[in-house]
Amino acid sequence: GGNTNATAEHTLALILSLIRNIPHANYTTHKGNWEKKNIKGFELSNKTLGIVGFGNVAIRLSNLLEGFNMNIQAYSNSLLKRQNKFPKIKNVSFDELISTSDIISLHCKGHPEGESLIDIKHFKKMKSNCIIINTARGNIINENDLNSALNENLISGAAIDVYFQEPAKKNILFNNPKAILTPHIAASTHESQIIVAKMIAEQISDYLLNGNLINTV
């Protein structure tokens with residue numbers, strides 16, 4: 001949980017960067033191309049965010065987005081047991097989420113055998129203006145199918161922080177203008193490193209003093 005807030009904030013940054021075309025606007029402005037009339041984005045207000053998985057990061061993301069006047073829905077088995085704590089979050093099926101969301105953000109575990117949770121058949125069910133964000137696990141999305149979905153305008157954009165193979169020295173998504181790619185840095189902030197270091201020290205101290213084992217691997 002030490003890097004929960006960092007990951008949630010990076011996810012939000014990726015969402016805003018995609019819908020407002022920030023990378024392209026930055027690149028062309030640095031080049032001296034004043035593309036004010038050519039760059040038009042979207043607003044988060046009244047859009048539907050679909051969250052796959054509802055753990056610590058997803059909860060924090062939903063809290064950060066409260067002020068954006070969004071409709072937030074989630075696909076999560078655990079949310080059913082905690083629905084009373086999150087009355088504003090609509091619990092939906094996976095198919096409903098991918099077919100009705102304007103933004104899909106992944107915050108779930110990958111398949112233990114490495115199978116993709118989302119492939120071309122799922123992209124075909126999404127809105128053409130949908131964007132998808134992955135700051136969770138690299139094997140959740142089939143990268144080849146994602147690249148095809150972007151090229152074929154099945155969805156409008158993607159922001160990826162995690163990859164099937166890391167470090168990602170080569171990847172089919174490289175140079176796709178509809179994809180924002182970051183090198184697995186969602187949890188990398190000065191604050192999160194301090195929090196995690198403190199948590200580790202406290203857990204070691206608790207073991208040495210009291211014999212308690214927490215978060216053992």
# chains A, B, ... in the order shown; residues from 1 in each chain; ligands from 1
>>> residues_around(residues="Gly41 of chain A", least_positions_apart="6", cutoff="8 Å", atoms="only C-alpha atoms", output="list of chain:residue names")
A:Ile19, A:Arg20, A:Asn21
>>> residues_around(residues="segment 193-200 of chain A", least_positions_apart="6", cutoff="12 Å", atoms="only C-alpha atoms", output="list in words")
Gly1, Gly2, Asn3, Thr4, Asn5, Ala6, Ile185, Ala186, Ala187, Asp206, Tyr207, Leu213, Ile214, Asn215 and Thr216 of chain A
>>> write_last_selection(atoms="all heavy atoms", output="mmCIF file, in the first residue's frame")
data_model
loop_
_atom_site.group_PDB
_atom_site.id
_atom_site.type_symbol
_atom_site.label_atom_id
_atom_site.label_comp_id
_atom_site.auth_asym_id
_atom_site.auth_seq_id
_atom_site.Cartn_x
_atom_site.Cartn_y
_atom_site.Cartn_z
ATOM 1 N N GLY A 1 0.789 -1.218 0.000
ATOM 2 C CA GLY A 1 0.000 0.000 0.000
ATOM 3 C C GLY A 1 0.820 1.265 0.000
ATOM 4 O O GLY A 1 0.279 2.359 -0.135
ATOM 5 N N GLY A 2 2.131 1.151 0.125
ATOM 6 C CA GLY A 2 2.971 2.332 0.211
ATOM 7 C C GLY A 2 2.987 3.182 -1.043
ATOM 8 O O GLY A 2 3.242 4.387 -0.982
ATOM 9 N N ASN A 3 2.748 2.560 -2.194
ATOM 10 C CA ASN A 3 2.774 3.324 -3.443
ATOM 11 C C ASN A 3 1.387 3.451 -4.078
ATOM 12 O O ASN A 3 1.266 3.727 -5.270
ATOM 13 C CB ASN A 3 3.757 2.686 -4.436
ATOM 14 C CG ASN A 3 3.530 1.188 -4.600
ATOM 15 O OD1 ASN A 3 2.409 0.716 -4.448
ATOM 16 N ND2 ASN A 3 4.585 0.459 -4.899
ATOM 17 N N THR A 4 0.352 3.250 -3.296
ATOM 18 C CA THR A 4 -1.028 3.325 -3.783
ATOM 19 C C THR A 4 -1.338 4.691 -4.393
ATOM 20 O O THR A 4 -1.826 4.796 -5.517
ATOM 21 C CB THR A 4 -2.018 3.031 -2.646
ATOM 22 O OG1 THR A 4 -1.892 1.657 -2.264
ATOM 23 C CG2 THR A 4 -3.450 3.302 -3.083
ATOM 24 N N ASN A 5 -1.055 5.749 -3.645
ATOM 25 C CA ASN A 5 -1.403 7.089 -4.119
ATOM 26 C C ASN A 5 -0.600 7.454 -5.360
ATOM 27 O O ASN A 5 -1.128 8.057 -6.307
ATOM 28 C CB ASN A 5 -1.159 8.123 -3.022
ATOM 29 C CG ASN A 5 -1.613 9.503 -3.427
ATOM 30 O OD1 ASN A 5 -2.801 9.754 -3.582
ATOM 31 N ND2 ASN A 5 -0.663 10.407 -3.635
ATOM 32 N N ALA A 6 0.678 7.087 -5.371
ATOM 33 C CA ALA A 6 1.526 7.392 -6.529
ATOM 34 C C ALA A 6 0.980 6.758 -7.793
ATOM 35 O O ALA A 6 0.905 7.401 -8.849
ATOM 36 C CB ALA A 6 2.954 6.912 -6.267
ATOM 37 N N ILE A 185 6.659 3.469 -14.314
ATOM 38 C CA ILE A 185 7.019 4.484 -13.315
ATOM 39 C C ILE A 185 5.837 4.943 -12.478
ATOM 40 O O ILE A 185 5.955 5.908 -11.715
ATOM 41 C CB ILE A 185 7.665 5.715 -13.988
ATOM 42 C CG1 ILE A 185 6.716 6.324 -15.036
ATOM 43 C CG2 ILE A 185 9.010 5.353 -14.608
ATOM 44 C CD1 ILE A 185 7.184 7.678 -15.567
ATOM 45 N N ALA A 186 4.692 4.263 -12.591
ATOM 46 C CA ALA A 186 3.504 4.723 -11.876
ATOM 47 C C ALA A 186 3.734 4.838 -10.377
ATOM 48 O O ALA A 186 3.215 5.757 -9.725
ATOM 49 C CB ALA A 186 2.330 3.784 -12.154
ATOM 50 N N ALA A 187 4.512 3.931 -9.824
ATOM 51 C CA ALA A 187 4.741 3.939 -8.371
ATOM 52 C C ALA A 187 5.999 4.701 -7.987
ATOM 53 O O ALA A 187 6.349 4.764 -6.808
ATOM 54 C CB ALA A 187 4.838 2.499 -7.858
ATOM 55 N N ASP A 206 9.099 -5.065 13.828
ATOM 56 C CA ASP A 206 8.017 -5.817 14.453
ATOM 57 C C ASP A 206 8.379 -7.297 14.567
ATOM 58 O O ASP A 206 8.054 -7.953 15.565
ATOM 59 C CB ASP A 206 6.735 -5.642 13.644
ATOM 60 C CG ASP A 206 5.505 -6.115 14.402
ATOM 61 O OD1 ASP A 206 5.540 -6.144 15.646
ATOM 62 O OD2 ASP A 206 4.503 -6.458 13.748
ATOM 63 N N TYR A 207 9.077 -7.814 13.564
ATOM 64 C CA TYR A 207 9.494 -9.223 13.609
ATOM 65 C C TYR A 207 10.564 -9.436 14.677
ATOM 66 O O TYR A 207 10.489 -10.384 15.484
ATOM 67 C CB TYR A 207 10.026 -9.661 12.246
ATOM 68 C CG TYR A 207 10.676 -11.022 12.293
ATOM 69 C CD1 TYR A 207 9.914 -12.179 12.487
ATOM 70 C CD2 TYR A 207 12.055 -11.159 12.185
ATOM 71 C CE1 TYR A 207 10.513 -13.432 12.557
ATOM 72 C CE2 TYR A 207 12.666 -12.398 12.252
ATOM 73 C CZ TYR A 207 11.888 -13.536 12.441
ATOM 74 O OH TYR A 207 12.487 -14.773 12.519
ATOM 75 N N LEU A 213 5.236 -11.767 11.546
ATOM 76 C CA LEU A 213 5.610 -11.795 10.130
ATOM 77 C C LEU A 213 4.476 -11.169 9.312
ATOM 78 O O LEU A 213 3.347 -11.652 9.349
ATOM 79 C CB LEU A 213 5.867 -13.215 9.647
ATOM 80 C CG LEU A 213 7.144 -13.900 10.177
ATOM 81 C CD1 LEU A 213 7.169 -15.362 9.782
ATOM 82 C CD2 LEU A 213 8.375 -13.184 9.652
ATOM 83 N N ILE A 214 4.789 -10.085 8.591
ATOM 84 C CA ILE A 214 3.780 -9.376 7.789
ATOM 85 C C ILE A 214 4.263 -9.294 6.351
ATOM 86 O O ILE A 214 5.424 -8.979 6.088
ATOM 87 C CB ILE A 214 3.558 -7.945 8.340
ATOM 88 C CG1 ILE A 214 3.135 -8.007 9.808
ATOM 89 C CG2 ILE A 214 2.500 -7.219 7.514
ATOM 90 C CD1 ILE A 214 3.044 -6.645 10.465
ATOM 91 N N ASN A 215 3.375 -9.612 5.425
ATOM 92 C CA ASN A 215 3.683 -9.498 3.979
ATOM 93 C C ASN A 215 4.914 -10.318 3.589
ATOM 94 O O ASN A 215 5.771 -9.866 2.831
ATOM 95 C CB ASN A 215 3.889 -8.037 3.576
ATOM 96 C CG ASN A 215 2.637 -7.210 3.736
ATOM 97 O OD1 ASN A 215 1.528 -7.736 3.642
ATOM 98 N ND2 ASN A 215 2.781 -5.919 3.981
ATOM 99 N N THR A 216 5.023 -11.512 4.120
ATOM 100 C CA THR A 216 6.164 -12.357 3.779
ATOM 101 C C THR A 216 6.032 -12.866 2.342
ATOM 102 O O THR A 216 4.934 -13.036 1.832
ATOM 103 C CB THR A 216 6.257 -13.569 4.721
ATOM 104 O OG1 THR A 216 5.011 -14.281 4.675
ATOM 105 C CG2 THR A 216 6.551 -13.134 6.123
#
>>> residues_around(residues="Lys125 of chain A", least_positions_apart="5", cutoff="10 Å", atoms="only C-alpha atoms", output="PyMOL selection string")
chain A and resi 95-100+120+154-155
>>> residues_around(residues="Leu49 of chain A", least_positions_apart="2", cutoff="10 Å", atoms="only C-alpha atoms", output="JSON, numbers by chain")
{"A": [44, 46, 47, 51, 52, 62, 65, 70, 71, 72, 73, 74, 97, 98, 100, 101, 102, 103, 104, 105, 130, 131, 132]}
>>> residues_around(residues="Ser76 of chain A", least_positions_apart="2", cutoff="6 Å", atoms="only C-alpha atoms", output="list in words")
Gly53, Phe54, Ser78 and Leu79 of chain A
>>> residues_around(residues="segment 111-118 of chain A", least_positions_apart="4", cutoff="7 Å", atoms="only C-alpha atoms", output="mmCIF file with C-alpha atoms, in the first residue's frame")
data_model
loop_
_atom_site.group_PDB
_atom_site.id
_atom_site.type_symbol
_atom_site.label_atom_id
_atom_site.label_comp_id
_atom_site.auth_asym_id
_atom_site.auth_seq_id
_atom_site.Cartn_x
_atom_site.Cartn_y
_atom_site.Cartn_z
ATOM 1 C CA HIS A 122 -13.060 -7.310 -26.263
ATOM 2 C CA ASN A 139 0.010 -9.452 -19.347
ATOM 3 C CA ILE A 140 -3.530 -8.131 -18.837
ATOM 4 C CA ILE A 141 -3.724 -6.720 -22.379
ATOM 5 C CA ASN A 142 -2.714 -8.523 -25.558
#
>>> residues_around(residues="Glu152 of chain A", least_positions_apart="2", cutoff="12 Å", atoms="only C-alpha atoms", output="compact mmCIF listing (two decimals) with all heavy atoms, in the first residue's frame")
# COMPACT_ATOMS: atom_id res chain seq x y z
N ILE A 120 -8.59 -8.92 -28.83
CA ILE A 120 -9.29 -8.26 -29.93
C ILE A 120 -10.81 -8.39 -29.83
O ILE A 120 -11.54 -7.46 -30.19
CB ILE A 120 -8.79 -8.80 -31.30
CG1 ILE A 120 -9.25 -7.88 -32.44
CG2 ILE A 120 -9.22 -10.24 -31.50
CD1 ILE A 120 -8.64 -6.51 -32.40
N PHE A 123 -11.90 -5.62 -27.58
CA PHE A 123 -11.77 -4.30 -28.19
C PHE A 123 -12.92 -4.03 -29.16
O PHE A 123 -13.39 -2.89 -29.30
CB PHE A 123 -10.44 -4.16 -28.92
CG PHE A 123 -9.25 -4.08 -28.00
CD1 PHE A 123 -8.24 -5.02 -28.06
CD2 PHE A 123 -9.16 -3.06 -27.07
CE1 PHE A 123 -7.15 -4.95 -27.21
CE2 PHE A 123 -8.06 -2.98 -26.21
CZ PHE A 123 -7.06 -3.92 -26.28
N LYS A 124 -13.40 -5.06 -29.83
CA LYS A 124 -14.50 -4.90 -30.78
C LYS A 124 -15.81 -4.55 -30.09
O LYS A 124 -16.73 -4.03 -30.74
CB LYS A 124 -14.66 -6.19 -31.60
CG LYS A 124 -13.53 -6.43 -32.59
CD LYS A 124 -13.75 -7.69 -33.39
CE LYS A 124 -12.65 -7.90 -34.42
NZ LYS A 124 -12.82 -9.15 -35.20
N SER A 128 -15.95 3.33 -29.86
CA SER A 128 -14.86 3.78 -30.73
C SER A 128 -14.08 4.94 -30.12
O SER A 128 -12.93 5.19 -30.49
CB SER A 128 -15.40 4.17 -32.10
OG SER A 128 -16.35 5.22 -31.99
N ASP A 145 -2.97 -7.19 -30.14
CA ASP A 145 -4.38 -6.86 -30.39
C ASP A 145 -4.67 -5.40 -30.07
O ASP A 145 -5.47 -4.75 -30.76
CB ASP A 145 -5.30 -7.77 -29.57
CG ASP A 145 -5.30 -9.20 -30.09
OD1 ASP A 145 -4.68 -9.46 -31.13
OD2 ASP A 145 -5.95 -10.06 -29.45
N LEU A 146 -4.02 -4.87 -29.05
CA LEU A 146 -4.19 -3.46 -28.72
C LEU A 146 -3.68 -2.58 -29.86
O LEU A 146 -4.34 -1.61 -30.26
CB LEU A 146 -3.45 -3.11 -27.43
CG LEU A 146 -3.39 -1.62 -27.06
CD1 LEU A 146 -4.78 -1.02 -26.95
CD2 LEU A 146 -2.60 -1.42 -25.77
N ASN A 147 -2.53 -2.92 -30.40
CA ASN A 147 -1.98 -2.16 -31.52
C ASN A 147 -2.93 -2.19 -32.71
O ASN A 147 -3.18 -1.16 -33.35
CB ASN A 147 -0.62 -2.72 -31.90
CG ASN A 147 0.12 -1.86 -32.90
OD1 ASN A 147 0.41 -0.69 -32.63
ND2 ASN A 147 0.43 -2.41 -34.06
N SER A 148 -3.50 -3.36 -32.98
CA SER A 148 -4.46 -3.48 -34.09
C SER A 148 -5.71 -2.66 -33.82
O SER A 148 -6.25 -2.00 -34.71
CB SER A 148 -4.83 -4.95 -34.31
OG SER A 148 -3.70 -5.71 -34.70
N ALA A 149 -6.19 -2.70 -32.57
CA ALA A 149 -7.40 -1.96 -32.20
C ALA A 149 -7.20 -0.46 -32.39
O ALA A 149 -8.11 0.25 -32.83
CB ALA A 149 -7.79 -2.27 -30.76
N LEU A 150 -6.02 0.04 -32.07
CA LEU A 150 -5.72 1.45 -32.25
C LEU A 150 -5.64 1.80 -33.73
O LEU A 150 -6.19 2.82 -34.18
CB LEU A 150 -4.40 1.81 -31.55
CG LEU A 150 -4.40 1.73 -30.01
CD1 LEU A 150 -2.99 1.89 -29.47
CD2 LEU A 150 -5.31 2.79 -29.41
N LEU A 154 -10.81 0.91 -33.49
CA LEU A 154 -11.77 0.25 -32.61
C LEU A 154 -11.88 1.02 -31.30
O LEU A 154 -12.95 1.07 -30.70
CB LEU A 154 -11.35 -1.20 -32.35
CG LEU A 154 -11.28 -2.12 -33.56
CD1 LEU A 154 -10.83 -3.52 -33.14
CD2 LEU A 154 -12.63 -2.19 -34.27
N ILE A 155 -10.75 1.58 -30.85
CA ILE A 155 -10.73 2.49 -29.70
C ILE A 155 -9.87 3.69 -30.09
O ILE A 155 -9.15 3.65 -31.09
CB ILE A 155 -10.18 1.82 -28.42
CG1 ILE A 155 -8.73 1.37 -28.63
CG2 ILE A 155 -11.06 0.66 -28.00
CD1 ILE A 155 -8.07 0.86 -27.35
N SER A 156 -9.94 4.76 -29.30
CA SER A 156 -9.28 5.99 -29.74
C SER A 156 -7.90 6.20 -29.13
O SER A 156 -7.12 7.01 -29.64
CB SER A 156 -10.15 7.20 -29.42
OG SER A 156 -10.29 7.37 -28.02
N GLY A 157 -7.58 5.50 -28.03
CA GLY A 157 -6.27 5.72 -27.44
C GLY A 157 -5.96 4.75 -26.32
O GLY A 157 -6.86 4.06 -25.80
N ASN A 176 3.35 4.15 -32.09
CA ASN A 176 1.93 4.28 -32.40
C ASN A 176 1.46 5.63 -31.86
O ASN A 176 1.51 5.87 -30.65
CB ASN A 176 1.12 3.14 -31.77
CG ASN A 176 -0.30 3.08 -32.31
OD1 ASN A 176 -0.98 4.09 -32.41
ND2 ASN A 176 -0.75 1.89 -32.66
N LYS A 178 -1.30 6.85 -31.23
CA LYS A 178 -2.46 6.85 -30.34
C LYS A 178 -2.14 6.26 -28.97
O LYS A 178 -3.03 6.13 -28.13
CB LYS A 178 -3.60 6.05 -30.98
CG LYS A 178 -4.15 6.68 -32.25
CD LYS A 178 -5.31 5.87 -32.78
CE LYS A 178 -5.90 6.50 -34.03
NZ LYS A 178 -7.05 5.72 -34.57
>>> atom_distance(atom1="atom CA of Glu191 of chain A", atom2="atom CA of His10 of chain A")
13.3 Å
>>> closest_residue(among="A:Ala25, A:Leu12, A:Val162, A:Ile59", to="Ala136 of chain A", atoms="only C-alpha atoms")
A:Val162
>>> select_by_dssp(residues="segment 75-178 of chain A", states="strand (DSSP E or B)", output="VMD selection string")
chain A and resid 75 90 to 91 103 to 106 118 131 to 134 141 157 to 160
